[in-house]
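Novice: My structure file query.pdb, PDB, C-alpha atoms, is below:
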ATOM      1  CA  MET H   1     -16.275 -12.848  10.576
ATOM      2  CA  ALA H   2     -14.801 -12.764  14.044
ATOM      3  CA  GLU H   3     -16.257 -14.867  16.859
ATOM      4  CA  PRO H   4     -18.643 -12.923  19.210
ATOM      5  CA  THR H   5     -17.321 -12.182  22.632
ATOM      6  CA  TRP H   6     -18.762 -13.718  25.776
ATOM      7  CA  GLN H   7     -20.771 -10.555  26.492
ATOM      8  CA  GLU H   8     -22.467 -10.763  23.109
ATOM      9  CA  THR H   9     -23.125 -14.475  23.603
ATOM     10  CA  LEU H  10     -24.671 -13.835  27.038
ATOM     11  CA  ARG H  11     -26.850 -11.057  25.637
ATOM     12  CA  LEU H  12     -28.101 -13.249  22.810
ATOM     13  CA  ARG H  13     -28.971 -16.049  25.248
ATOM     14  CA  LEU H  14     -30.879 -13.640  27.511
ATOM     15  CA  VAL H  15     -32.813 -12.297  24.535
ATOM     16  CA  GLU H  16     -33.703 -15.855  23.480
ATOM     17  CA  ARG H  17     -34.817 -16.723  27.016
ATOM     18  CA  ASN H  18     -37.031 -13.610  27.270
ATOM     19  CA  ALA H  19     -38.568 -14.309  23.886
ATOM     20  CA  ARG H  20     -39.224 -17.946  24.867
ATOM     21  CA  GLU H  21     -40.783 -17.020  28.231
ATOM     22  CA  SER H  22     -42.837 -14.122  26.889
ATOM     23  CA  SER H  23     -44.348 -16.312  24.158
ATOM     24  CA  TYR H  24     -46.740 -17.850  26.770
ATOM     25  CA  ALA H  25     -47.619 -14.560  28.450
ATOM     26  CA  PRO H  26     -51.062 -14.168  26.734
ATOM     27  CA  VAL H  27     -52.075 -17.723  27.674
ATOM     28  CA  ILE H  28     -50.988 -17.179  31.268
ATOM     29  CA  GLU H  29     -52.978 -13.934  31.417
ATOM     30  CA  GLN H  30     -56.104 -15.675  30.093
ATOM     31  CA  TYR H  31     -55.704 -18.450  32.659
ATOM     32  CA  ARG H  32     -55.318 -15.858  35.411
ATOM     33  CA  ARG H  33     -58.520 -14.103  34.388
ATOM     34  CA  LEU H  34     -60.294 -17.451  34.073
ATOM     35  CA  ALA H  35     -59.146 -18.415  37.570
ATOM     36  CA  GLN H  36     -60.432 -15.107  38.979
ATOM     37  CA  GLN H  37     -63.753 -15.586  37.221
ATOM     38  CA  THR H  38     -63.949 -19.170  38.494
ATOM     39  CA  LYS H  39     -63.233 -18.006  42.015
ATOM     40  CA  LEU H  40     -66.018 -15.428  41.810
ATOM     41  CA  LEU H  41     -68.435 -18.007  40.430
ATOM     42  CA  LYS H  42     -67.523 -20.456  43.160
ATOM     43  CA  GLU H  43     -68.098 -17.808  45.807
ATOM     44  CA  ARG H  44     -71.449 -16.887  44.266
ATOM     45  CA  ASN H  45     -72.519 -20.549  44.032
ATOM     46  CA  ALA H  46     -71.448 -21.113  47.630
ATOM     47  CA  SER H  47     -73.499 -18.115  48.747
ATOM     48  CA  LEU H  48     -76.473 -19.366  46.713
ATOM     49  CA  LEU H  49     -76.161 -22.824  48.253
ATOM     50  CA  ARG H  50     -76.020 -21.299  51.688
ATOM     51  CA  ALA H  51     -79.109 -19.284  50.868
ATOM     52  CA  MET H  52     -80.915 -22.396  49.622
ATOM     53  CA  GLY H  53     -80.021 -24.208  52.825
ATOM     54  CA  THR H  54     -81.566 -21.499  54.942
ATOM     55  CA  ALA H  55     -84.761 -21.240  52.813
ATOM     56  CA  ARG H  56     -88.214 -22.135  54.355
ATOM     57  CA  PRO H  57     -89.767 -25.548  53.481
ATOM     58  CA  ASN H  58     -92.927 -25.620  51.332
ATOM     59  CA  PRO H  59     -95.994 -26.640  53.437
ATOM     60  CA  SER H  60     -97.775 -28.362  50.558
ATOM     61  CA  SER H  61     -94.956 -30.722  49.637
ATOM     62  CA  SER H  62     -92.345 -32.623  51.604
ATOM     63  CA  THR H  63     -89.665 -32.856  48.927
ATOM     64  CA  VAL H  64     -89.713 -29.603  46.848
ATOM     65  CA  PHE H  65     -88.665 -26.240  48.169
ATOM     66  CA  VAL H  66     -89.842 -23.058  46.433
ATOM     67  CA  PRO H  67     -88.040 -19.879  47.228
ATOM     68  CA  GLY H  68     -90.123 -17.101  48.654
ATOM     69  CA  THR H  69     -90.893 -13.868  46.887
ATOM     70  CA  GLY H  70     -90.638 -11.545  49.850
ATOM     71  CA  GLU H  71     -87.923  -9.114  50.708
ATOM     72  CA  ASP H  72     -86.503 -11.506  53.284
ATOM     73  CA  ASN H  73     -85.767 -14.177  50.669
ATOM     74  CA  PRO H  74     -82.136 -15.221  51.333
ATOM     75  CA  VAL H  75     -81.513 -16.515  47.756
ATOM     76  CA  ARG H  76     -82.433 -13.199  46.261
ATOM     77  CA  ALA H  77     -80.370 -11.425  48.843
ATOM     78  CA  ALA H  78     -77.394 -13.659  48.142
ATOM     79  CA  TYR H  79     -77.820 -13.138  44.387
ATOM     80  CA  ILE H  80     -78.067  -9.398  44.836
ATOM     81  CA  ALA H  81     -75.024  -9.448  47.079
ATOM     82  CA  SER H  82     -73.139 -11.444  44.456
ATOM     83  CA  LEU H  83     -74.163  -9.010  41.745
ATOM     84  CA  GLU H  84     -73.191  -6.051  43.909
ATOM     85  CA  SER H  85     -69.812  -7.630  44.583
ATOM     86  CA  GLN H  86     -69.383  -8.176  40.856
ATOM     87  CA  ILE H  87     -70.395  -4.577  40.165
ATOM     88  CA  SER H  88     -67.980  -3.384  42.830
ATOM     89  CA  SER H  89     -65.170  -5.486  41.419
ATOM     90  CA  LEU H  90     -66.013  -4.310  37.898
ATOM     91  CA  ARG H  91     -66.032  -0.713  39.098
ATOM     92  CA  ASP H  92     -62.706  -1.219  40.775
ATOM     93  CA  GLU H  93     -61.426  -2.858  37.654
ATOM     94  CA  LEU H  94     -62.862  -0.008  35.551
ATOM     95  CA  ALA H  95     -61.241   2.532  37.839
ATOM     96  CA  THR H  96     -58.001   0.657  37.550
ATOM     97  CA  VAL H  97     -58.432   0.605  33.785
ATOM     98  CA  TYR H  98     -59.168   4.348  33.752
ATOM     99  CA  LYS H  99     -56.190   4.966  35.981
ATOM    100  CA  THR H 100     -54.009   2.790  33.795
ATOM    101  CA  GLN H 101     -55.386   4.507  30.705
ATOM    102  CA  GLY H 102     -54.557   7.916  32.187
ATOM    103  CA  GLN H 103     -51.102   6.748  33.105
ATOM    104  CA  ASN H 104     -50.685   5.311  29.625
ATOM    105  CA  ALA H 105     -51.908   8.560  28.087
ATOM    106  CA  GLN H 106     -49.494  10.495  30.265
ATOM    107  CA  ARG H 107     -46.725   8.123  29.341
ATOM    108  CA  LEU H 108     -47.759   8.392  25.692
ATOM    109  CA  LEU H 109     -47.511  12.197  25.869
ATOM    110  CA  ALA H 110     -44.136  11.930  27.586
ATOM    111  CA  MET H 111     -42.996   9.385  25.036
ATOM    112  CA  ASN H 112     -44.248  11.578  22.190
ATOM    113  CA  GLU H 113     -42.357  14.518  23.666
ATOM    114  CA  THR H 114     -39.305  12.336  24.093
ATOM    115  CA  LEU H 115     -39.763  11.036  20.558
ATOM    116  CA  ARG H 116     -39.998  14.590  19.254
ATOM    117  CA  GLU H 117     -36.857  15.525  21.146
ATOM    118  CA  LYS H 118     -35.124  12.415  19.899
ATOM    119  CA  GLU H 119     -36.223  13.160  16.347
ATOM    120  CA  GLU H 120     -34.937  16.713  16.717
ATOM    121  CA  LEU H 121     -31.677  15.391  18.101
ATOM    122  CA  SER H 122     -31.568  12.825  15.325
ATOM    123  CA  ARG H 123     -32.159  15.572  12.770
ATOM    124  CA  LEU H 124     -29.407  17.687  14.315
ATOM    125  CA  ASP H 125     -27.123  14.670  14.446
ATOM    126  CA  GLY H 126     -27.920  13.917  10.827
ATOM    127  CA  GLU H 127     -27.187  17.516   9.880
ATOM    128  CA  ASN H 128     -23.957  17.446  11.853
ATOM    129  CA  LEU H 129     -23.080  14.105  10.280
ATOM    130  CA  ARG H 130     -23.731  15.524   6.824
ATOM    131  CA  LYS H 131     -21.584  18.560   7.583
ATOM    132  CA  ALA H 132     -18.900  16.324   9.056
ATOM    133  CA  ARG H 133     -18.944  14.131   5.944
ATOM    134  CA  GLU H 134     -18.697  17.220   3.737
ATOM    135  CA  GLU H 135     -15.810  18.528   5.839
ATOM    136  CA  ILE H 136     -14.153  15.101   5.678
ATOM    137  CA  ALA H 137     -14.549  15.096   1.888
ATOM    138  CA  ILE H 138     -13.095  18.628   1.680
ATOM    139  CA  LEU H 139     -10.230  17.672   3.993
ATOM    140  CA  ARG H 140      -9.567  14.544   1.959
ATOM    141  CA  LYS H 141      -9.392  16.655  -1.186
ATOM    142  CA  LYS H 142      -7.053  19.059   0.577
ATOM    143  CA  VAL H 143      -4.918  16.147   1.753
ATOM    144  CA  GLU H 144      -4.783  14.765  -1.790
ATOM    145  CA  GLN H 145      -3.885  18.203  -3.164
ATOM    146  CA  HIS H 146      -1.275  18.597  -0.439
ATOM    147  CA  ASN H 147       0.155  15.170  -1.241
ATOM    148  CA  GLU H 148       0.264  16.040  -4.935
ATOM    149  CA  LEU H 149       1.900  19.384  -4.129
ATOM    150  CA  MET H 150       4.446  17.699  -1.878
ATOM    151  CA  ALA H 151       5.165  15.098  -4.560
ATOM    152  CA  GLU H 152       5.645  17.889  -7.110
ATOM    153  CA  LYS H 153       7.913  19.744  -4.694
ATOM    154  CA  ASP H 154       9.869  16.554  -4.088
ATOM    155  CA  ARG H 155      10.311  16.077  -7.826
ATOM    156  CA  THR H 156      11.316  19.724  -8.214
ATOM    157  CA  ALA H 157      13.724  19.416  -5.294
ATOM    158  CA  GLN H 158      15.227  16.280  -6.842
ATOM    159  CA  ILE H 159      15.642  18.066 -10.168
ATOM    160  CA  LEU H 160      17.219  21.068  -8.432
ATOM    161  CA  HIS H 161      19.474  18.757  -6.453
ATOM    162  CA  ASP H 162      20.605  17.041  -9.659
ATOM    163  CA  GLU H 163      21.193  20.429 -11.290
ATOM    164  CA  ILE H 164      23.148  21.605  -8.238
ATOM    165  CA  ASN H 165      25.288  18.486  -8.396
ATOM    166  CA  THR H 166      25.860  19.033 -12.117
ATOM    167  CA  LEU H 167      26.731  22.692 -11.565
ATOM    168  CA  GLN H 168      29.059  21.805  -8.701
ATOM    169  CA  LEU H 169      30.783  19.270 -10.944
ATOM    170  CA  GLU H 170      31.085  21.865 -13.713
ATOM    171  CA  LEU H 171      32.317  24.432 -11.192
ATOM    172  CA  SER H 172      34.963  22.038  -9.907
ATOM    173  CA  GLN H 173      36.041  21.350 -13.497
ATOM    174  CA  ILE H 174      36.148  25.087 -14.230
ATOM    175  CA  GLU H 175      38.160  25.698 -11.065
ATOM    176  CA  GLU H 176      40.591  22.965 -12.038
ATOM    177  CA  ARG H 177      40.816  24.499 -15.538
ATOM    178  CA  ASN H 178      41.356  27.942 -14.031
ATOM    179  CA  GLN H 179      44.093  26.595 -11.797
ATOM    180  CA  THR H 180      45.707  24.900 -14.799
ATOM    181  CA  LEU H 181      45.416  28.101 -16.849
ATOM    182  CA  THR H 182      46.809  30.129 -13.946
ATOM    183  CA  LYS H 183      49.803  27.814 -13.726
ATOM    184  CA  ASP H 184      50.247  27.927 -17.519
ATOM    185  CA  ASN H 185      49.962  31.716 -17.502
ATOM    186  CA  ALA H 186      52.501  31.915 -14.699
ATOM    187  CA  LYS H 187      54.881  29.672 -16.656
ATOM    188  CA  LEU H 188      54.344  31.669 -19.867
ATOM    189  CA  LEU H 189      54.813  34.931 -18.007
ATOM    190  CA  GLN H 190      58.012  33.638 -16.445
ATOM    191  CA  ARG H 191      59.239  32.434 -19.819
ATOM    192  CA  TRP H 192      58.356  35.806 -21.388
ATOM    193  CA  LEU H 193      60.116  37.648 -18.554
ATOM    194  CA  ASP H 194      63.126  35.361 -18.960
ATOM    195  CA  ALA H 195      63.108  35.985 -22.718
ATOM    196  CA  LYS H 196      62.834  39.746 -22.215
ATOM    197  CA  GLN H 197      65.587  39.616 -19.621
ATOM    198  CA  ALA H 198      67.790  37.683 -22.030
ATOM    199  CA  GLU H 199      66.972  40.208 -24.779
ATOM    200  CA  VAL H 200      67.808  43.092 -22.441
ATOM    201  CA  ASN H 201      71.053  41.366 -21.525
ATOM    202  CA  ARG H 202      71.893  40.944 -25.206
ATOM    203  CA  MET H 203      71.038  44.570 -25.862
ATOM    204  CA  ASN H 204      73.211  45.651 -22.968
ATOM    205  CA  GLU H 205      76.082  43.516 -24.254
ATOM    206  CA  ALA H 206      75.573  44.956 -27.747
ATOM    207  CA  ASN H 207      75.549  48.478 -26.373
ATOM    208  CA  GLU H 208      78.694  47.808 -24.375
ATOM    209  CA  PHE H 209      80.367  46.289 -27.425
ATOM    210  CA  TYR H 210      79.237  49.256 -29.536
ATOM    211  CA  GLU H 211      80.560  51.776 -27.005
ATOM    212  CA  ASP H 212      83.846  49.881 -26.814
ATOM    213  CA  MET H 213      84.164  49.909 -30.598
ATOM    214  CA  GLN H 214      83.288  53.604 -30.696
ATOM    215  CA  SER H 215      85.883  54.392 -28.068
ATOM    216  CA  ARG H 216      88.524  52.390 -29.941
ATOM    217  CA  ARG H 217      87.625  54.032 -33.259
ATOM    218  CA  GLN H 218      87.742  57.443 -31.631
ATOM    219  CA  ALA H 219      91.167  56.632 -30.189
ATOM    220  CA  ASN H 220      92.417  55.508 -33.595
ATOM    221  CA  LEU H 221      91.091  58.634 -35.233
ATOM    222  CA  THR H 222      92.692  60.796 -32.597
ATOM    223  CA  LYS H 223      96.021  58.994 -32.998
ATOM    224  CA  GLN H 224      95.937  59.387 -36.799
ATOM    225  CA  ALA H 225      95.027  63.027 -36.455
ATOM    226  CA  SER H 226      97.955  63.675 -34.142
ATOM    227  CA  THR H 227     100.353  61.858 -36.478
ATOM    228  CA  ASN H 228      99.235  63.827 -39.498
ATOM    229  CA  GLY H 229      99.557  67.110 -37.544
ATOM    230  CA  ASP H 230     103.372  66.901 -37.470
ATOM    231  CA  GLU H 231     103.729  67.299 -41.287
ATOM    232  CA  LYS H 232     103.764  70.568 -43.198
ATOM    233  CA  ALA H 233     100.796  72.748 -43.342
ATOM    234  CA  PRO H 234     100.149  72.767 -47.115
ATOM    235  CA  SER H 235     101.038  69.203 -47.629
ATOM    236  CA  SER H 236      99.359  68.199 -44.423
ATOM    237  CA  ALA H 237      96.134  69.584 -45.647
ATOM    238  CA  ASN H 238      96.316  67.654 -48.942
ATOM    239  CA  THR H 239      97.611  64.601 -47.247
ATOM    240  CA  SER H 240      94.944  64.677 -44.642
ATOM    241  CA  VAL H 241      92.295  64.931 -47.279
ATOM    242  CA  SER H 242      93.711  62.135 -49.376
ATOM    243  CA  GLY H 243      94.541  60.147 -46.292
ATOM    244  CA  ASN H 244      91.048  60.396 -44.945
ATOM    245  CA  GLY H 245      89.752  59.218 -48.267
ATOM    246  CA  GLU H 246      92.115  56.298 -48.320
ATOM    247  CA  GLU H 247      91.322  55.444 -44.741
ATOM    248  CA  GLY H 248      87.712  55.485 -45.557
ATOM    249  CA  LYS H 249      88.321  53.219 -48.456
ATOM    250  CA  GLU H 250      90.434  50.792 -46.483
ATOM    251  CA  THR H 251      88.222  50.463 -43.417
ATOM    252  CA  GLY H 252      84.939  50.911 -45.160
ATOM    253  CA  SER H 253      83.896  53.407 -42.473
ATOM    254  CA  THR H 254      80.914  55.692 -43.124
ATOM    255  CA  THR H 255      81.416  58.167 -40.325
ATOM    256  CA  THR H 256      79.333  61.349 -40.434
ATOM    257  CA  THR H 257      80.744  64.851 -39.938
ATOM    258  CA  ASP H 258      79.979  64.862 -36.204
ATOM    259  CA  GLY H 259      81.923  61.627 -35.597
ATOM    260  CA  THR H 260      78.907  59.208 -35.141
ATOM    261  CA  PRO H 261      78.813  55.957 -37.121
ATOM    262  CA  SER H 262      76.350  55.517 -39.923
ATOM    263  CA  ARG H 263      73.475  53.035 -40.088
ATOM    264  CA  ALA H 264      75.558  50.467 -41.937
ATOM    265  CA  GLU H 265      78.212  50.505 -39.235
ATOM    266  CA  THR H 266      75.591  49.964 -36.544
ATOM    267  CA  ASP H 267      74.124  47.014 -38.411
ATOM    268  CA  VAL H 268      77.568  45.524 -38.854
ATOM    269  CA  ASN H 269      78.299  45.844 -35.146
ATOM    270  CA  LEU H 270      74.960  44.333 -34.069
ATOM    271  CA  THR H 271      75.096  41.359 -36.398
ATOM    272  CA  PRO H 272      77.347  39.150 -34.279
ATOM    273  CA  ASN H 273      75.238  39.755 -31.102
ATOM    274  CA  GLY H 274      71.917  39.592 -32.781
TER
END
Using structure tokens, write down the structure from this file.
Specialist:
Amino acid sequence: MAEPTWQETLRLRLVERNARESSYAPVIEQYRRLAQQTKLLKERNASLLRAMGTARPNPSSSTVFVPGTGEDNPVRAAYIASLESQISSLRDELATVYKTQGQNAQRLLAMNETLREKEELSRLDGENLRKAREEIAILRKKVEQHNELMAEKDRTAQILHDEINTLQLELSQIEERNQTLTKDNAKLLQRWLDAKQAEVNRMNEANEFYEDMQSRRQANLTKQASTNGDEKAPSSANTSVSGNGEEGKETGSTTTTDGTPSRAETDVNLTPNG
């Protein structure tokens, strides 16, 4: 427990001093009343002694004085005056008591009214405190729910972040694979184009070679035909027939009637280039 401050220490000392001094308050009040009563008795005794001093002497005795019974007896007058003063003081005291009682009653009514107001305020404060505690409990629950929701969102965000990182990694790998495939496709396409170009070149060379062979064959045939045309007509006809047959046998040519080579000749010509 922390040490009390100097204000708290001073307050505690003042409370102790008031309690110590107020513990003798009843005794002091009794002594005050006793002193007042003693003062009144002393005044009454002094007035009685003065009355006895002024009393008439008794004619039958020289030592004893008997107070008179008449209205002019000073002892009786002094006693009556003392009683009247007591009655007056008691009346004053009674009036003071009545006045104090009225003031106390008025104060009691005011204090009761104040107490009622304070109780009403205390009730309202208690109601407000209860509502405030309920609101605090509701807000605490909301805060806990909000914290739980935020924690769940944080976990979800972390999961999504991990998934995004994974997907980005996969995407980068796929992009690298696509780039590799694009390069491979470009190489394959270039190789295929080169192969097709080489095939076209070979076909063109074969066609050129075939046309050259056809032109040479046609020139040979034309030359043979012109040579055979100089012979006789009957014999030229027979000779041309037999000569064509022999030529066909010697060269192995399978030329059709329109002068185009057969399929076998084409295959033979394409074999060296193929």
Novice: So what do you get for CA of Leu124 (chain H) versus CA of Val143 (chain H), distance-wise?
Specialist: 27.6 Å
Novice: To one decimal in Å, tell me the separation between CA of Lys142 (chain H) and CA of Gly126 (chain H).
Specialist: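 Computing the Euclidean distance for CA of Lys142 (chain H) and CA of Gly126 (chain H) yields 23.8 Å.
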Novice: For CA of Glu113 (chain H) and CA of Lys99 (chain H), quote the distance in Å rounded to one decimal.
Specialist: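 CA of Glu113 (chain H) sits 20.8 Å away from CA of Lys99 (chain H).
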